[in-house]
>>> print(open('query-v8.csv').read())   # CSV, C-alpha atoms and all ligand atoms
chain,number,residue,atom,x,y,z
A,1092,MET,CA,29.2,45.2,85.1
A,1093,LEU,CA,31.2,44.6,81.9
A,1094,GLY,CA,34.6,45.0,83.5
A,1095,LEU,CA,35.6,47.9,81.3
A,1096,PRO,CA,38.6,50.0,82.5
A,1097,GLU,CA,37.9,52.9,84.8
A,1098,GLN,CA,39.0,55.5,82.2
A,1099,PHE,CA,35.7,54.9,80.4
A,1100,LEU,CA,33.6,56.1,83.3
A,1101,PHE,CA,32.4,59.6,84.1
A,1102,SER,CA,32.9,58.8,87.7
A,1103,SER,CA,36.4,57.5,87.5
A,1104,GLY,CA,38.1,60.8,88.5
A,1105,ILE,CA,40.9,59.8,86.1
A,1106,GLY,CA,40.9,61.2,82.6
A,1107,ASN,CA,38.0,62.3,80.6
A,1108,GLY,CA,35.8,59.3,80.0
A,1109,GLY,CA,32.1,58.9,79.7
A,1110,GLY,CA,29.2,57.0,78.1
A,1111,VAL,CA,25.9,57.4,76.3
A,1112,ILE,CA,23.1,55.2,75.1
A,1113,GLN,CA,22.8,55.4,71.4
A,1114,GLU,CA,20.2,54.1,69.0
A,1115,SER,CA,22.5,51.6,67.3
A,1116,ALA,CA,26.0,50.2,66.8
A,1117,SER,CA,25.9,51.8,63.3
A,1118,GLY,CA,25.3,55.3,64.7
A,1119,SER,CA,27.9,54.8,67.4
A,1120,CYS,CA,30.5,53.9,64.8
A,1121,ILE,CA,29.7,56.9,62.6
A,1122,LEU,CA,30.0,59.2,65.6
A,1123,MET,CA,33.4,57.7,66.6
A,1124,LEU,CA,34.7,58.1,63.1
A,1125,VAL,CA,33.7,61.8,63.2
A,1126,ALA,CA,35.5,62.1,66.5
A,1127,ALA,CA,38.6,60.4,65.2
A,1128,LYS,CA,38.6,62.8,62.3
A,1129,ARG,CA,38.3,65.7,64.7
A,1130,ARG,CA,41.2,64.4,66.8
A,1131,ALA,CA,43.4,64.0,63.7
A,1132,LEU,CA,42.6,67.5,62.5
A,1133,ASP,CA,43.3,69.0,65.9
A,1134,LYS,CA,46.7,67.3,65.9
A,1135,LEU,CA,47.6,68.5,62.4
A,1136,ARG,CA,46.5,72.0,63.3
A,1137,GLN,CA,49.2,72.2,66.0
A,1138,THR,CA,51.8,72.4,63.3
A,1139,ASP,CA,49.7,74.1,60.6
A,1140,LYS,CA,47.1,76.5,61.9
A,1141,ASP,CA,45.7,77.4,58.5
A,1142,LEU,CA,45.1,74.0,57.2
A,1143,ASP,CA,42.0,73.4,55.2
A,1144,PRO,CA,40.1,70.6,57.0
A,1145,TYR,CA,38.4,69.5,53.8
A,1146,ASP,CA,41.6,69.2,51.9
A,1147,VAL,CA,43.4,67.4,54.6
A,1148,SER,CA,40.6,65.0,55.5
A,1149,SER,CA,40.7,63.7,51.9
A,1150,LYS,CA,43.9,62.0,53.0
A,1151,PHE,CA,42.4,60.3,56.0
A,1152,VAL,CA,41.8,56.6,56.0
A,1153,ALA,CA,39.7,54.3,58.2
A,1154,LEU,CA,40.9,50.8,58.6
A,1155,MET,CA,38.8,47.7,59.3
A,1156,SER,CA,39.0,44.0,58.7
A,1157,ASP,CA,37.2,41.9,56.0
A,1158,GLN,CA,35.0,40.6,58.8
A,1159,ALA,CA,33.9,44.0,60.2
A,1160,HIS,CA,30.2,44.8,60.0
A,1161,SER,CA,29.0,46.6,57.0
A,1162,SER,CA,28.1,49.6,59.2
A,1163,ILE,CA,31.8,50.3,59.7
A,1164,GLU,CA,32.4,50.7,56.0
A,1165,ARG,CA,29.2,52.7,55.8
A,1166,SER,CA,30.6,55.1,58.5
A,1167,GLY,CA,33.3,55.9,56.0
A,1168,PHE,CA,30.6,56.8,53.3
A,1169,VAL,CA,28.8,59.1,55.8
A,1170,ALA,CA,31.9,60.8,57.3
A,1171,GLY,CA,33.5,61.1,53.9
A,1172,ILE,CA,36.5,59.1,54.9
A,1173,ARG,CA,38.3,56.6,52.6
A,1174,THR,CA,38.2,53.0,53.9
A,1175,HIS,CA,40.8,50.3,53.7
A,1176,ILE,CA,40.0,46.7,54.3
A,1177,LEU,CA,42.5,44.5,56.1
A,1178,PRO,CA,42.7,40.7,55.6
A,1179,THR,CA,41.9,38.4,58.6
A,1180,ASP,CA,43.5,35.0,59.5
A,1181,GLU,CA,41.7,31.7,58.8
A,1182,THR,CA,39.6,32.1,61.9
A,1183,GLY,CA,38.4,35.6,60.9
A,1184,SER,CA,40.5,37.4,63.4
A,1185,LEU,CA,42.5,40.6,62.5
A,1186,ARG,CA,46.2,40.2,63.6
A,1187,ALA,CA,49.1,42.6,64.1
A,1188,GLN,CA,50.9,41.8,60.9
A,1189,ALA,CA,47.9,42.6,58.7
A,1190,LEU,CA,47.5,45.9,60.5
A,1191,LEU,CA,51.1,46.8,60.1
A,1192,ASP,CA,51.0,46.0,56.4
A,1193,GLY,CA,47.9,48.0,56.0
A,1194,ILE,CA,49.3,51.1,57.7
A,1195,ALA,CA,52.4,50.8,55.6
A,1196,LYS,CA,50.3,50.5,52.4
A,1197,VAL,CA,48.2,53.5,53.4
A,1198,LYS,CA,51.2,55.6,54.2
A,1199,SER,CA,52.9,54.7,50.9
A,1200,LEU,CA,50.0,56.3,49.1
A,1201,ARG,CA,50.7,59.5,51.2
A,1202,ARG,CA,47.5,59.0,53.2
A,1203,ILE,CA,47.0,59.2,56.9
A,1204,PRO,CA,45.4,56.3,58.9
A,1205,ILE,CA,43.2,57.8,61.6
A,1206,PHE,CA,40.8,55.0,62.7
A,1207,LEU,CA,40.7,51.3,63.2
A,1208,GLY,CA,37.4,49.5,63.7
A,1209,VAL,CA,38.1,46.5,65.9
A,1210,THR,CA,35.5,43.7,65.9
A,1211,LEU,CA,35.1,41.7,69.0
A,1212,GLY,CA,32.6,39.1,67.9
A,1213,SER,CA,32.0,39.4,64.2
A,1214,THR,CA,28.5,39.2,62.8
A,1215,THR,CA,29.2,36.2,60.5
A,1216,THR,CA,31.2,33.8,62.8
A,1217,LEU,CA,31.7,35.7,66.1
A,1218,ALA,CA,35.4,36.0,65.4
A,1219,PHE,CA,37.4,38.2,67.7
A,1220,ASP,CA,40.2,40.6,66.5
A,1221,ALA,CA,43.4,40.4,68.5
A,1222,LEU,CA,42.8,43.7,70.3
A,1223,ALA,CA,45.8,43.2,72.6
A,1224,GLU,CA,48.1,43.1,69.5
A,1225,LEU,CA,46.4,45.8,67.5
A,1226,ALA,CA,45.7,48.5,70.2
A,1227,PRO,CA,49.4,49.2,71.1
A,1228,ILE,CA,50.2,49.7,67.4
A,1229,CYS,CA,47.4,52.1,67.0
A,1230,HIS,CA,48.3,53.9,70.2
A,1231,ASP,CA,51.8,54.6,68.8
A,1232,GLU,CA,50.4,55.7,65.5
A,1233,GLY,CA,47.7,58.0,67.0
A,1234,ILE,CA,45.0,55.9,65.4
A,1235,TRP,CA,41.6,55.9,67.1
A,1236,VAL,CA,40.6,52.4,68.2
A,1237,HIS,CA,36.9,51.8,68.1
A,1238,VAL,CA,35.8,48.5,69.5
A,1239,ASP,CA,32.6,47.1,67.9
A,1240,ALA,CA,31.2,44.4,70.2
A,1241,ALA,CA,27.6,44.8,69.1
A,1242,ILE,CA,26.8,41.1,69.7
A,1243,ALA,CA,29.5,39.8,72.0
A,1244,GLY,CA,29.8,42.7,74.3
A,1245,SER,CA,27.1,41.5,76.6
A,1246,ALA,CA,29.1,38.3,77.2
A,1247,PHE,CA,31.7,40.5,79.1
A,1248,LEU,CA,29.2,40.5,81.9
A,1249,CYS,CA,30.7,37.1,82.7
A,1250,PRO,CA,34.3,37.3,83.7
A,1251,GLU,CA,35.2,34.1,81.9
A,1252,PHE,CA,34.6,35.8,78.5
A,1253,ARG,CA,36.7,38.9,79.3
A,1254,TYR,CA,40.0,37.4,78.0
A,1255,LEU,CA,38.5,38.2,74.6
A,1256,MET,CA,38.7,41.9,75.3
A,1257,ALA,CA,42.3,41.9,76.5
A,1258,GLY,CA,43.9,45.2,75.4
A,1259,ILE,CA,40.7,47.2,76.0
A,1260,GLU,CA,42.6,49.7,78.2
A,1261,LEU,CA,44.2,51.1,75.0
A,1262,ALA,CA,41.0,51.4,73.0
A,1263,ASP,CA,39.4,54.9,72.5
A,1264,SER,CA,35.8,53.7,72.4
A,1265,PHE,CA,33.7,50.7,73.1
A,1266,ASN,CA,30.2,49.8,71.9
A,1267,CYS,CA,27.9,46.9,72.6
A,1268,GLY,CA,24.2,46.2,72.0
A,1269,PRO,CA,22.0,45.3,74.9
A,1270,HIS,CA,19.2,45.3,72.2
A,1271,LYS,CA,20.9,42.4,70.6
A,1272,THR,CA,22.0,40.0,73.3
A,1273,MET,CA,21.0,41.5,76.7
A,1274,LEU,CA,17.2,41.2,76.5
A,1275,VAL,CA,16.6,44.9,76.0
A,1276,THR,CA,14.1,46.0,73.4
A,1277,MET,CA,15.3,48.1,70.4
A,1278,SER,CA,16.8,50.5,70.3
A,1279,CYS,CA,19.6,50.5,73.0
A,1280,SER,CA,23.3,50.4,72.1
A,1281,VAL,CA,25.7,51.5,74.7
A,1282,LEU,CA,28.8,53.5,73.9
A,1283,TRP,CA,31.8,54.5,76.1
A,1284,VAL,CA,34.6,56.8,75.2
A,1285,LYS,CA,37.9,57.7,76.9
A,1286,ASP,CA,38.0,61.3,75.7
A,1287,ARG,CA,34.6,62.9,75.7
A,1288,THR,CA,36.0,66.3,75.0
A,1289,THR,CA,36.9,65.3,71.5
A,1290,VAL,CA,33.5,63.7,71.0
A,1291,GLU,CA,31.7,66.8,72.2
A,1292,SER,CA,33.8,69.2,70.3
A,1293,SER,CA,33.5,67.2,67.0
A,1294,LEU,CA,29.7,67.9,67.0
A,1295,ALA,CA,29.3,71.0,69.1
A,1296,ILE,CA,27.6,74.0,67.6
A,1297,ASP,CA,26.0,76.5,70.0
A,1298,PRO,CA,23.2,78.3,68.3
A,1299,PRO,CA,21.4,81.1,70.3
A,1300,TYR,CA,18.2,79.1,70.6
A,1301,LEU,CA,20.1,76.5,72.6
A,1302,ASP,CA,21.8,78.9,74.8
A,1303,TYR,CA,20.7,77.7,78.3
A,1304,HIS,CA,22.7,77.7,81.5
A,1305,LEU,CA,23.4,74.5,83.2
A,1306,GLU,CA,25.3,74.1,86.4
A,1307,LYS,CA,28.8,72.8,85.8
A,1308,PRO,CA,30.0,70.2,85.7
A,1309,HIS,CA,27.3,68.7,83.5
A,1310,VAL,CA,27.1,66.3,80.6
A,1311,ASP,CA,25.3,67.8,77.7
A,1312,TYR,CA,24.2,64.9,75.6
A,1313,ARG,CA,23.1,67.1,72.7
A,1314,HIS,CA,26.8,66.9,71.7
A,1315,TRP,CA,26.9,63.1,71.8
A,1316,SER,CA,24.7,62.3,68.8
A,1317,PHE,CA,23.5,63.7,65.6
A,1318,ASN,CA,20.0,64.2,67.0
A,1319,LEU,CA,19.1,66.8,69.5
A,1320,THR,CA,15.8,65.2,70.6
A,1321,ARG,CA,16.6,62.0,72.5
A,1322,PRO,CA,14.3,59.3,73.6
A,1323,LEU,CA,14.7,58.1,77.2
A,1324,ARG,CA,16.4,54.8,76.6
A,1325,SER,CA,17.9,54.5,80.0
A,1326,LEU,CA,14.8,53.4,81.8
A,1327,LYS,CA,14.1,50.2,79.8
A,1328,LEU,CA,17.8,49.2,80.3
A,1329,TRP,CA,17.5,49.9,84.0
A,1330,PHE,CA,14.3,47.8,84.3
A,1331,VAL,CA,16.0,44.9,82.6
A,1332,ILE,CA,18.9,45.1,84.9
A,1333,ARG,CA,16.6,45.4,87.9
A,1334,LEU,CA,14.4,42.6,86.8
A,1335,PHE,CA,17.1,40.0,86.1
A,1336,GLY,CA,19.9,41.3,88.3
A,1337,VAL,CA,23.5,41.0,87.2
A,1338,GLN,CA,23.6,37.4,88.2
A,1339,GLY,CA,20.4,36.7,86.2
A,1340,LEU,CA,21.9,38.3,83.1
A,1341,GLN,CA,25.1,36.3,83.6
A,1342,ASP,CA,23.0,33.1,83.9
A,1343,HIS,CA,21.2,34.1,80.7
A,1344,ILE,CA,24.5,34.6,78.8
A,1345,ARG,CA,25.9,31.3,80.1
A,1346,LYS,CA,22.8,29.5,79.1
A,1347,GLN,CA,22.9,30.9,75.6
A,1348,SER,CA,26.5,29.8,75.4
A,1349,ARG,CA,25.7,26.4,76.7
A,1350,LEU,CA,22.8,25.9,74.2
A,1351,VAL,CA,24.9,27.1,71.3
A,1352,LYS,CA,27.6,24.6,72.2
A,1353,GLU,CA,24.9,21.8,72.5
A,1354,PHE,CA,23.9,22.7,69.0
A,1355,ALA,CA,27.5,22.6,67.8
A,1356,HIS,CA,27.9,19.2,69.4
A,1357,LEU,CA,24.8,17.9,67.5
A,1358,VAL,CA,26.3,19.2,64.2
A,1359,SER,CA,29.6,17.5,64.9
A,1360,THR,CA,27.8,14.1,65.3
A,1361,ASP,CA,26.5,14.2,61.8
A,1362,ALA,CA,29.2,13.4,59.1
A,1363,ARG,CA,27.3,15.3,56.4
A,1364,PHE,CA,27.9,18.7,58.2
A,1365,GLU,CA,30.9,20.7,59.3
A,1366,LEU,CA,31.2,23.5,61.8
A,1367,CYS,CA,32.7,26.7,60.3
A,1368,ALA,CA,33.9,28.4,63.5
A,1369,GLU,CA,34.3,27.7,67.2
A,1370,ALA,CA,30.9,28.1,68.9
A,1371,ILE,CA,31.5,30.1,72.0
A,1372,TYR,CA,28.5,32.3,72.4
A,1373,SER,CA,25.3,33.6,70.6
A,1374,HIS,CA,25.6,31.6,67.4
A,1375,ALA,CA,27.0,28.5,65.8
A,1376,CYS,CA,28.0,28.4,62.1
A,1377,PHE,CA,27.8,25.3,60.0
A,1378,ARG,CA,27.4,24.0,56.5
A,1379,LEU,CA,26.9,20.8,54.5
A,1380,LYS,CA,30.4,19.4,53.9
A,1381,ASN,CA,31.6,19.0,50.3
A,1382,SER,CA,28.6,20.9,49.0
A,1383,ASP,CA,28.5,24.1,47.0
A,1384,ASN,CA,27.2,27.4,48.1
A,1385,GLU,CA,24.0,27.1,46.2
A,1386,THR,CA,23.1,23.8,48.0
A,1387,ASN,CA,23.8,25.3,51.3
A,1388,ARG,CA,21.7,28.4,50.5
A,1389,HIS,CA,18.9,26.1,49.3
A,1390,LEU,CA,19.1,24.1,52.6
A,1391,LEU,CA,18.7,27.3,54.5
A,1392,ASN,CA,15.6,28.2,52.5
A,1393,GLN,CA,14.1,24.8,53.0
A,1394,ILE,CA,14.7,25.0,56.7
A,1395,ASN,CA,13.1,28.4,57.0
A,1396,MET,CA,10.2,27.4,54.8
A,1397,THR,CA,9.1,24.9,57.5
A,1398,ARG,CA,8.3,28.1,59.5
A,1399,LYS,CA,9.3,26.2,62.6
A,1400,VAL,CA,12.7,27.6,63.1
A,1401,VAL,CA,14.5,30.6,61.6
A,1402,LEU,CA,18.2,30.5,60.7
A,1403,THR,CA,20.2,33.1,58.9
A,1404,GLY,CA,23.0,32.7,56.4
A,1405,SER,CA,26.2,34.5,55.6
A,1406,VAL,CA,29.4,33.9,53.6
A,1407,PHE,CA,32.7,33.2,55.4
A,1408,LYS,CA,36.0,33.0,53.4
A,1409,GLY,CA,34.0,32.4,50.2
A,1410,LYS,CA,31.8,29.6,51.6
A,1411,TYR,CA,28.1,30.0,52.3
A,1412,ILE,CA,27.3,29.1,55.9
A,1413,LEU,CA,24.2,28.8,58.1
A,1414,ARG,CA,23.9,30.5,61.4
A,1415,PHE,CA,22.0,29.1,64.4
A,1416,ALA,CA,21.4,31.6,67.2
A,1417,VAL,CA,19.9,31.4,70.6
A,1418,SER,CA,18.6,34.7,72.1
A,1419,SER,CA,15.4,34.0,74.1
A,1420,PRO,CA,15.6,33.3,77.8
A,1421,PHE,CA,12.9,30.7,77.2
A,1422,THR,CA,15.0,28.5,74.9
A,1423,GLU,CA,15.9,25.1,76.4
A,1424,SER,CA,17.8,22.1,75.2
A,1425,LYS,CA,14.7,20.5,73.9
A,1426,HIS,CA,14.2,23.4,71.5
A,1427,VAL,CA,17.8,23.0,70.3
A,1428,GLU,CA,17.1,19.3,69.6
A,1429,PHE,CA,13.9,20.2,67.9
A,1430,ALA,CA,15.7,22.7,65.6
A,1431,TRP,CA,18.3,20.1,64.8
A,1432,LYS,CA,15.6,17.6,63.9
A,1433,ILE,CA,14.1,20.2,61.4
A,1434,ILE,CA,17.5,20.8,60.0
A,1435,THR,CA,18.4,17.2,59.5
A,1436,GLU,CA,15.0,16.5,58.0
A,1437,ALA,CA,15.5,19.3,55.5
A,1438,ALA,CA,18.9,17.9,54.7
A,1439,ASN,CA,17.4,14.4,54.1
A,1440,GLU,CA,14.8,15.8,51.7
A,1441,LEU,CA,17.4,17.8,49.9
A,1442,LYS,CA,19.3,14.6,49.3
A,1443,GLY,CA,16.2,13.1,47.7
A,1444,ALA,CA,15.3,16.1,45.6
A,1445,ASP,CA,18.8,17.3,44.6
A,1446,THR,CA,21.6,14.9,45.1
A,1447,ASP,CA,24.1,16.9,43.0
A,1448,GLY,CA,25.4,19.1,45.7
A,1449,LEU,CA,25.6,16.3,48.3
A,1450,LYS,CA,27.7,13.8,46.3
A,1451,ASP,CA,31.0,12.7,47.9
A,1501,LIG,C1,24.5,44.0,64.3
A,1501,LIG,C2,25.9,44.5,64.2
A,1501,LIG,C3,26.1,45.9,64.0
A,1501,LIG,C4,25.0,46.9,63.7
A,1501,LIG,O1,24.2,47.0,64.9
A,1501,LIG,P1,23.0,48.0,64.9
A,1501,LIG,O2,22.9,48.3,66.3
A,1501,LIG,O3,21.8,47.3,64.3
A,1501,LIG,O4,23.4,49.2,64.1
A,1501,LIG,C5,27.4,46.3,64.1
A,1501,LIG,N1,28.4,45.5,64.4
A,1501,LIG,C6,28.3,44.2,64.6
A,1501,LIG,C7,29.4,43.3,64.9
A,1501,LIG,C8,27.0,43.6,64.5
A,1501,LIG,O5,26.8,42.3,64.7
>>> encode(input="query-v8.csv", output="structure tokens")
Amino acid sequence: MLGLPEQFLFSSGIGNGGGVIQESASGSCILMLVAAKRRALDKLRQTDKDLDPYDVSSKFVALMSDQAHSSIERSGFVAGIRTHILPTDETGSLRAQALLDGIAKVKSLRRIPIFLGVTLGSTTTLAFDALAELAPICHDEGIWVHVDAAIAGSAFLCPEFRYLMAGIELADSFNCGPHKTMLVTMSCSVLWVKDRTTVESSLAIDPPYLDYHLEKPHVDYRHWSFNLTRPLRSLKLWFVIRLFGVQGLQDHIRKQSRLVKEFAHLVSTDARFELCAEAIYSHACFRLKNSDNETNRHLLNQINMTRKVVLTGSVFKGKYILRFAVSSPFTESKHVEFAWKIITEAANELKGADTDGLKD
């Protein structure tokens, strides 16, 4: 459905791929960092059988961009791996040169880069890292590429969005969140990996009370997450797919994208506002032009205090921005127009009450 390369599937017959439904993108990322650590240790063990994994892993570094979700940095805390943040270009996208500079910097400190978190659809502005540029570099360096597409991954149901995941065939893992943008209730986050042996061996411990015999080949999901007890998440995902059908889900995604663009168009017609990123899917980012962060933050509060719409805020390249998202299948153009009316009214009142921030 998503157009992922065959290597990620159990059934592909090529390689060693597979997938699992996890509770969250955060959990998926932590798990992938642990797997990356395992792969790096295994590689080093080939030349030094007696290495102390705790000593060596103090040299490991996980890379991510300044637009990566906080959960990627947190994965470093949990896995005990140092993190290194790479700068993005003016659109929020991580490009090859920043990665090359980052790798060189890490190596100059006698550390070993083992993991790159690639964001396809950032939380703040839905920026896409240049996976096609980054993945070959990581491939050559033996760096695990984990693709975090928590929000935007569902859009890959529609072929016209798939150019945004060019280079995916060189990634090691891919995660997206049907509980975010594919109408599935929480929690349901889908994770695919190319090398499930590494994932399983990074967590496998076989205590005697779990010594049961399964017919081979089988997939033992107890080695695919930190929990042994797993809720049945597959059924609700299956029901959503059955209810809407692939085409129905594609229609939903295209409608979300269309409504977000309609909103962005409304913003562009009002000279007081500016768009802060290209609106392609899920959410549009905007702010009051020539106004400071406090004023924009205040506007967001005023809008939300009406209790008629809810917007969220964030900071992009030092500027406070407002984020307008569409996620319900029941949202129509008239609701977008209604929301815009609330927003402009709040901006009008702001001008009356507090003109400071809106001058010039
Ligand atoms: C929301 C988000 C996450 C975290 O998702 P959870 O499933 O809530 O853990 C990770 N990455 C991105 C890009 C997100 O937008």
>>> closest_residue(input="query-v8.csv", among="A:Ile1433, A:Ala1127, A:Leu1211, A:Val1290", to="A:Ala1170", atoms="all atoms listed in the file")
A:Ala1127
>>> residues_around(input="query-v8.csv", residues="A:Ala1223", least_positions_apart="3", cutoff="9 Å", atoms="all atoms listed in the file", output="PyMOL selection string")
chain A and resi 1220+1226-1227+1256-1259+1261
>>> residues_near_ligand(input="query-v8.csv", ligand="ligand LIG 1501 (chain A)", cutoff="7 Å", atoms="all atoms listed in the file", output="list in words")
Glu1114, Ser1115, Ala1116, Ser1117, Gly1118, Ala1159, His1160, Ser1162, Thr1210, Gly1212, Ser1213, Thr1214, Asp1239, Ala1240, Ala1241, Ile1242, Gly1268 and Ser1280 of chain A
>>> closest_residue(input="query-v8.csv", among="A:Ser1184, A:Gln1341, A:Asn1318, A:Ser1199", to="A:Leu1222", atoms="only C-alpha atoms")
A:Ser1184
>>> closest_residue(input="query-v8.csv", among="A:Ile1112, A:Phe1219, A:Thr1276, A:Ile1203", to="A:Ser1149", atoms="only C-alpha atoms")
A:Ile1203
>>> residues_around(input="query-v8.csv", residues="stretch 1394-1406 of chain A", least_positions_apart="3", cutoff="9 Å", atoms="only C-alpha atoms", output="list in words")
Thr1214, Thr1215, Thr1216, Cys1376, Asn1384, Arg1388, His1389, Leu1390, Leu1391, Gly1409, Lys1410, Tyr1411, Ile1412, Leu1413, Arg1414, Phe1415, Ala1416, Phe1429, Ala1430, Ile1433, Ile1434, Glu1436, Ala1437 and Ala1438 of chain A
>>> atom_distance(input="query-v8.csv", atom1="atom CA of A:Ser1325", atom2="atom CA of A:Ala1295")
22.8 Å
>>> residues_near_point(input="query-v8.csv", point="(22.5, 29.5, 82.5)", cutoff="12 Å", atoms="all atoms listed in the file", output="PDB file with C-alpha atoms, in the frame of the given file")
ATOM      1  CA  CYS A1249      30.700  37.100  82.700  1.00  0.00           C
ATOM      2  CA  GLN A1338      23.600  37.400  88.200  1.00  0.00           C
ATOM      3  CA  GLY A1339      20.400  36.700  86.200  1.00  0.00           C
ATOM      4  CA  LEU A1340      21.900  38.300  83.100  1.00  0.00           C
ATOM      5  CA  GLN A1341      25.100  36.300  83.600  1.00  0.00           C
ATOM      6  CA  ASP A1342      23.000  33.100  83.900  1.00  0.00           C
ATOM      7  CA  HIS A1343      21.200  34.100  80.700  1.00  0.00           C
ATOM      8  CA  ILE A1344      24.500  34.600  78.800  1.00  0.00           C
ATOM      9  CA  ARG A1345      25.900  31.300  80.100  1.00  0.00           C
ATOM     10  CA  LYS A1346      22.800  29.500  79.100  1.00  0.00           C
ATOM     11  CA  GLN A1347      22.900  30.900  75.600  1.00  0.00           C
ATOM     12  CA  SER A1348      26.500  29.800  75.400  1.00  0.00           C
ATOM     13  CA  ARG A1349      25.700  26.400  76.700  1.00  0.00           C
ATOM     14  CA  LEU A1350      22.800  25.900  74.200  1.00  0.00           C
ATOM     15  CA  VAL A1351      24.900  27.100  71.300  1.00  0.00           C
ATOM     16  CA  SER A1419      15.400  34.000  74.100  1.00  0.00           C
ATOM     17  CA  PRO A1420      15.600  33.300  77.800  1.00  0.00           C
ATOM     18  CA  PHE A1421      12.900  30.700  77.200  1.00  0.00           C
ATOM     19  CA  THR A1422      15.000  28.500  74.900  1.00  0.00           C
ATOM     20  CA  GLU A1423      15.900  25.100  76.400  1.00  0.00           C
ATOM     21  CA  SER A1424      17.800  22.100  75.200  1.00  0.00           C
TER      22      SER A1424
END
>>> residues_around(input="query-v8.csv", residues="A:Gly1171", least_positions_apart="2", cutoff="10 Å", atoms="all atoms listed in the file", output="list in words")
Leu1124, Val1125, Lys1128, Tyr1145, Ser1148, Ser1149, Phe1151, Val1152, Arg1165, Ser1166, Gly1167, Phe1168, Val1169, Arg1173 and Thr1174 of chain A
>>> atom_distance(input="query-v8.csv", atom1="atom CA of A:Gly1183", atom2="atom CA of A:Cys1279")
26.9 Å
>>> residues_near_point(input="query-v8.csv", point="(52.0, 54.8, 66.4)", cutoff="12 Å", atoms="all atoms listed in the file", output="PDB file with C-alpha atoms, in the coordinates of the input")
ATOM      1  CA  LEU A1190      47.500  45.900  60.500  1.00  0.00           C
ATOM      2  CA  LEU A1191      51.100  46.800  60.100  1.00  0.00           C
ATOM      3  CA  ILE A1194      49.300  51.100  57.700  1.00  0.00           C
ATOM      4  CA  ALA A1195      52.400  50.800  55.600  1.00  0.00           C
ATOM      5  CA  ILE A1203      47.000  59.200  56.900  1.00  0.00           C
ATOM      6  CA  PRO A1204      45.400  56.300  58.900  1.00  0.00           C
ATOM      7  CA  ILE A1205      43.200  57.800  61.600  1.00  0.00           C
ATOM      8  CA  PHE A1206      40.800  55.000  62.700  1.00  0.00           C
ATOM      9  CA  LEU A1225      46.400  45.800  67.500  1.00  0.00           C
ATOM     10  CA  ALA A1226      45.700  48.500  70.200  1.00  0.00           C
ATOM     11  CA  PRO A1227      49.400  49.200  71.100  1.00  0.00           C
ATOM     12  CA  ILE A1228      50.200  49.700  67.400  1.00  0.00           C
ATOM     13  CA  CYS A1229      47.400  52.100  67.000  1.00  0.00           C
ATOM     14  CA  HIS A1230      48.300  53.900  70.200  1.00  0.00           C
ATOM     15  CA  ASP A1231      51.800  54.600  68.800  1.00  0.00           C
ATOM     16  CA  GLU A1232      50.400  55.700  65.500  1.00  0.00           C
ATOM     17  CA  GLY A1233      47.700  58.000  67.000  1.00  0.00           C
ATOM     18  CA  ILE A1234      45.000  55.900  65.400  1.00  0.00           C
ATOM     19  CA  TRP A1235      41.600  55.900  67.100  1.00  0.00           C
ATOM     20  CA  VAL A1236      40.600  52.400  68.200  1.00  0.00           C
TER      21      VAL A1236
END
>>> atom_distance(input="query-v8.csv", atom1="atom CA of A:Glu1440", atom2="atom CA of A:Ser1373")
28.0 Å
